[in-house]
Amino acid sequence: MSIRKSRDWFSPDYMAQKPGIEATYGLHPLDEYLRKDRIPHIWCPGCGLGVILNAYLRALKDSEIAPEDTAVVSGIGCSGRAAGYVDVDSFHVTHGRAIPFATGLKVGNRDLITTVFSGDGDLFAIGGNHFIHAARRNVDFNVICVNNFNYGMTGGQAGPTTPSEAKTSTTPWGGFEQPFNLPAVAAGAGAVYVARWTTYHVEQLIKSLTEALKKKGFCFIEVLSPCPTGYGRKVGLKTGKKTMQHYKENSEIKNGADPSEVALDPDDPETSIIVGKFVDREAPTFQDVRGKIFGEARKELEVE
Amino acid sequence: MGKENEKAEKCWIVKTKKGKGNLCVITKRCKGCGYCIEFCPVNALEFSEKTTDKGYHPPEMVGGCILCGRCEKMCPEFAIYLKEKKNEEE
Amino acid sequence: MSVMKEGTYFMDGNTACAEGAIAAGCSFFAGYPITPASEILERIAQRFPELHGSYLQMEDELASIAAILGASWAGRKAMTATSGPGFSLMMENYGLGLMTETPCVIVNVMRGGPSTGLPTKVAQGDVNQTRWGTHGDVGVVVYAPSSPQEMFDMTIQAFNTAEKYRLPVILLSDEMVAHMTEKVEIPSKEDMVIMDRKKPRVPPSEFMPYCPDEDLVPPMANAGEGYSVHVTGLTHDEQGHPSVDERTQNMLVTRLIDKIRKNADDILDYDEYKIEDADMIIVAYGSVYRSAVEAVDMARDKGYKVGLLRPKTIWPFPEDRIYDLARKGTDAFLVAEINFGQIVFEVERCTAGACRTYLAPKMGGSIHTPEEIFDRIVAIDKGEIPPFKE
């Protein structure tokens, strides 16, 4: 049911005011987190990356986290450029190595609220080994995986999450690999917070990001994101709007679902996309445990 | 550093039960993706006939805005945002 | 018991290297077990708790170097240690460290190659990799220790150079030097020169993270200091913002190379032994230097006027010195290295045809014995061996 046409759903007085051009009013509320001279960014019209970055900066603002207390690390790919737009200490490192870099950064300075902002290929293909180990160690930082189901920057090749039958530039006759169920990988590796949203669910995404920013330990949020240029147009979702509509009509919120049962299932007509917060548990972080062990070592060595 | 902060080129006064507010659009940042228009719960926005210098059609207020802020959260370009009057003095 | 007290110790090379790092102020180590370098990580693991340092055994060498780059940007002095196979895996992020000018130290304890090769035996086959291993044009600094004492001293020197010139510096050791145990003198803290990276001298609003001083080295703001630096492997301008225009690429890469080339005299380090009247000069580095000294003495006893030049920094290489020596009556250079010929290219290039260059190769597994080098000298003198020709 599209409410696009039904204007009278709202009482008249809501419709009362007449639009007028007024003096310009202040800055965009998130400008304080943006490198304004780098905006507009390079991402295509309708690309979900901007929506996710918007949500992340909104979460930072809502959590009252000062720009200088936070750092963003991103790898290579369209998502890799995110670090360049955020007016915080931001690192755009090599392909797949955002997570180990962030591990060094976070262990090096435990007060830095560190977030890895990268894509499905960067985090789960070339960077997969680092992802599972950082989750196993429960290093205290957040990973936002922008899952647009392909390698967008390099021209729409298939990636580790691409639905098998999708035709991409490297699977012109259809794919023949089974894609990852990212929440299952994250939960299986030990992440203490695992959630999946789409760019259509901006309210829930902002809330989830805010939770992750507050939570100690390895937090993982997968965000399905339109990629009209690289992926969408090859699978009948030519514009960002079509992909967003697809998310809207095919997703169902199941908080607390078992991560192993939330694989994206394009064949399932109604709910091919299960979203929600699947894991939110407490576990001592890498630094907590190490702090305890080192403390005991120092006691043994009679060193303060 | 960097170029001077961008101000909104378009700004509409919006009066709702909650209070008065402004919906502002930095048209230079808009890439015409239509998310704000598509997903506004009250269809208060439409594509404007005029285009930005890059040829994109920015959103145009056609009335009914309830200052819910969905467009601001949905915008990938940081191009549209609310100025709530009630928590800011005039 | 924090930094080791001044005194004389009996220590193996790897342990001395770890203690050198600690003395230099290293407080972050990330590594992965690999023969013959594991003892460095083990010593760090033993010592870091009392020093409030952080160490991580990562999942692989790719993660190890990525982690020390991250830690360096968190303000730590950071080091990793590996051997050939891991060193090959580190090449891409070695380039990232060079491009983003991230101070850190990478120890490569060379072992027999190629591939898995001779994990427990000495070789020197990674030399050119330290120069050309990562893609693109780079300026590098590589130290080659010949003893446990130098494993201690040169690790400190490597950190100082890394902090001063803002780049990953390589300590190119080998299995022999790493696993031998010898006397190591540890100086008092006051006698040690410890350097730290230049800090910004202007507030964040005016700070350009990649705008260099005259020495071509930009001051460095760490993460969490409110300078919101943007660090990227992409070609970047003075503000650190990515750029794709040729002019920025030209300015940046030229500076990264000139930063080392124009400061080479300050970094360059080498030894000479009985070289004044020598008409043949042996060039040897790392563990082979120890045999070469013996060979020089043996040759001198037999009347051969032989001297020795030992690069302590492989890069920058003592180019001018060899060029001058070649013109001042040296008939021949004999390069003794445990590979099929790598530094010999540099020596031959630097003589620029003024004299002949010979190679005493060895395939790995053991170092040249003094006798082998001596026999080589005799054979050359008799003209039985042709000069080195690739």
# chains A, B, ... in the order shown; residues from 1 in each chain; ligands from 1
call {"tool": "select_by_dssp", "arguments": {"residues": "region 152-217 of chain C", "states": "strand (DSSP E or B)", "output": "PyMOL selection string"}}
result
chain C and resi 168-174+181-186
call {"tool": "write_last_selection", "arguments": {"atoms": "C-alpha atoms", "output": "PDB file, in the first residue's frame"}}
result
ATOM      1  CA  PRO C 168      58.976   2.112   8.417  1.00  0.00           C
ATOM      2  CA  VAL C 169      62.669   1.220   8.884  1.00  0.00           C
ATOM      3  CA  ILE C 170      63.868  -2.324   8.263  1.00  0.00           C
ATOM      4  CA  LEU C 171      66.335  -4.146  10.489  1.00  0.00           C
ATOM      5  CA  LEU C 172      67.693  -6.745   8.044  1.00  0.00           C
ATOM      6  CA  SER C 173      69.175  -9.423  10.246  1.00  0.00           C
ATOM      7  CA  ASP C 174      69.851 -13.076   9.438  1.00  0.00           C
ATOM      8  CA  THR C 181      74.858 -15.634  21.643  1.00  0.00           C
ATOM      9  CA  GLU C 182      77.567 -13.121  22.396  1.00  0.00           C
ATOM     10  CA  LYS C 183      78.577 -10.341  24.726  1.00  0.00           C
ATOM     11  CA  VAL C 184      76.195  -7.383  24.636  1.00  0.00           C
ATOM     12  CA  GLU C 185      77.053  -4.115  26.359  1.00  0.00           C
ATOM     13  CA  ILE C 186      73.958  -2.208  27.449  1.00  0.00           C
TER      14      ILE C 186
END
call {"tool": "residues_around", "arguments": {"residues": "Thr171 (chain A)", "least_positions_apart": "4", "cutoff": "8 Å", "atoms": "only C-alpha atoms", "output": "PDB file with N, CA and C atoms, in the first residue's frame"}}
result
ATOM      1  N   GLN A 157      31.810  -6.335  -9.902  1.00  0.00           N
ATOM      2  CA  GLN A 157      32.141  -7.767  -9.904  1.00  0.00           C
ATOM      3  C   GLN A 157      31.410  -8.463  -8.749  1.00  0.00           C
ATOM      4  N   ALA A 158      31.310  -9.771  -8.843  1.00  0.00           N
ATOM      5  CA  ALA A 158      30.642 -10.536  -7.778  1.00  0.00           C
ATOM      6  C   ALA A 158      31.520 -10.518  -6.522  1.00  0.00           C
ATOM      7  N   ALA A 166      22.894 -14.104  -9.313  1.00  0.00           N
ATOM      8  CA  ALA A 166      22.971 -12.735  -9.861  1.00  0.00           C
ATOM      9  C   ALA A 166      24.027 -12.680 -10.958  1.00  0.00           C
ATOM     10  N   LYS A 167      23.679 -11.987 -12.034  1.00  0.00           N
ATOM     11  CA  LYS A 167      24.650 -11.826 -13.123  1.00  0.00           C
ATOM     12  C   LYS A 167      25.449 -10.553 -12.847  1.00  0.00           C
ATOM     13  N   GLY A 175      26.149 -16.678 -11.165  1.00  0.00           N
ATOM     14  CA  GLY A 175      27.176 -17.074 -10.200  1.00  0.00           C
ATOM     15  C   GLY A 175      27.062 -18.547  -9.865  1.00  0.00           C
TER      16      GLY A 175
END
call {"tool": "closest_residue", "arguments": {"among": "C:Glu246, C:Asp279, C:Asp126, C:Glu206", "to": "chain B", "atoms": "only C-alpha atoms"}}
result
C:Glu206
call {"tool": "atom_distance", "arguments": {"atom1": "CA of Glu261 (chain A)", "atom2": "CA of Phe278 (chain A)"}}
result
10.2 Å
call {"tool": "interface_residues", "arguments": {"of": "chain C", "to": "chain A", "cutoff": "8 Å", "atoms": "only C-alpha atoms", "output": "VMD selection string"}}
result
chain C and resid 1 28 49 to 50 54 59 62 to 64 66 to 76 92 to 93 96 223 to 233 241 to 242
call {"tool": "write_last_selection", "arguments": {"atoms": "C-alpha atoms", "output": "short mmCIF file (atom, residue, chain, number, x, y, z; two decimals), in the first residue's frame"}}
result
data_model
loop_
_atom_site.label_atom_id
_atom_site.label_comp_id
_atom_site.auth_asym_id
_atom_site.auth_seq_id
_atom_site.Cartn_x
_atom_site.Cartn_y
_atom_site.Cartn_z
CA MET C 1 63.20 -4.18 36.50
CA PHE C 28 53.64 -1.84 20.90
CA PRO C 49 53.62 -6.62 31.12
CA GLU C 50 56.07 -4.97 33.50
CA SER C 54 50.98 -3.85 24.42
CA GLU C 59 46.57 -14.07 12.79
CA LEU C 62 49.47 -8.99 6.99
CA ALA C 63 47.67 -8.26 10.25
CA SER C 64 50.91 -7.78 12.16
CA ALA C 66 48.68 -3.41 9.72
CA ALA C 67 48.45 -3.40 13.52
CA ILE C 68 51.80 -1.67 14.07
CA LEU C 69 50.85 1.01 11.52
CA GLY C 70 47.61 1.57 13.46
CA ALA C 71 49.44 1.65 16.78
CA SER C 72 51.99 4.13 15.43
CA TRP C 73 49.14 6.46 14.53
CA ALA C 74 47.86 5.95 18.08
CA GLY C 75 51.15 7.51 19.20
CA ARG C 76 53.07 4.34 20.02
CA GLU C 92 51.85 -4.02 0.53
CA ASN C 93 51.50 -2.45 3.98
CA LEU C 96 51.32 1.97 3.00
CA ALA C 223 45.05 10.08 16.49
CA GLY C 224 43.18 11.37 19.53
CA GLU C 225 45.05 14.68 19.68
CA GLY C 226 42.23 16.66 18.09
CA TYR C 227 43.99 17.27 14.76
CA SER C 228 41.51 15.05 12.84
CA VAL C 229 44.20 13.98 10.42
CA HIS C 230 43.17 12.09 7.32
CA VAL C 231 45.65 9.37 6.43
CA THR C 232 45.30 7.57 3.13
CA GLY C 233 47.32 5.30 0.89
CA HIS C 241 43.13 14.72 1.11
CA PRO C 242 43.12 12.23 -1.78
#
call {"tool": "atom_distance", "arguments": {"atom1": "CA of Thr351 (chain C)", "atom2": "CA of Thr313 (chain C)"}}
result
18.4 Å
call {"tool": "interface_residues", "arguments": {"of": "chain C", "to": "chain B", "cutoff": "12 Å", "atoms": "only C-alpha atoms", "output": "ChimeraX atom specification"}}
result
/C:203-208,239,241
call {"tool": "interface_residues", "arguments": {"of": "chain B", "to": "chain A", "cutoff": "10 Å", "atoms": "only C-alpha atoms", "output": "PyMOL selection string"}}
result
chain B and resi 1-17+22-26+28-35+37-44+56+60-66+70+72-83
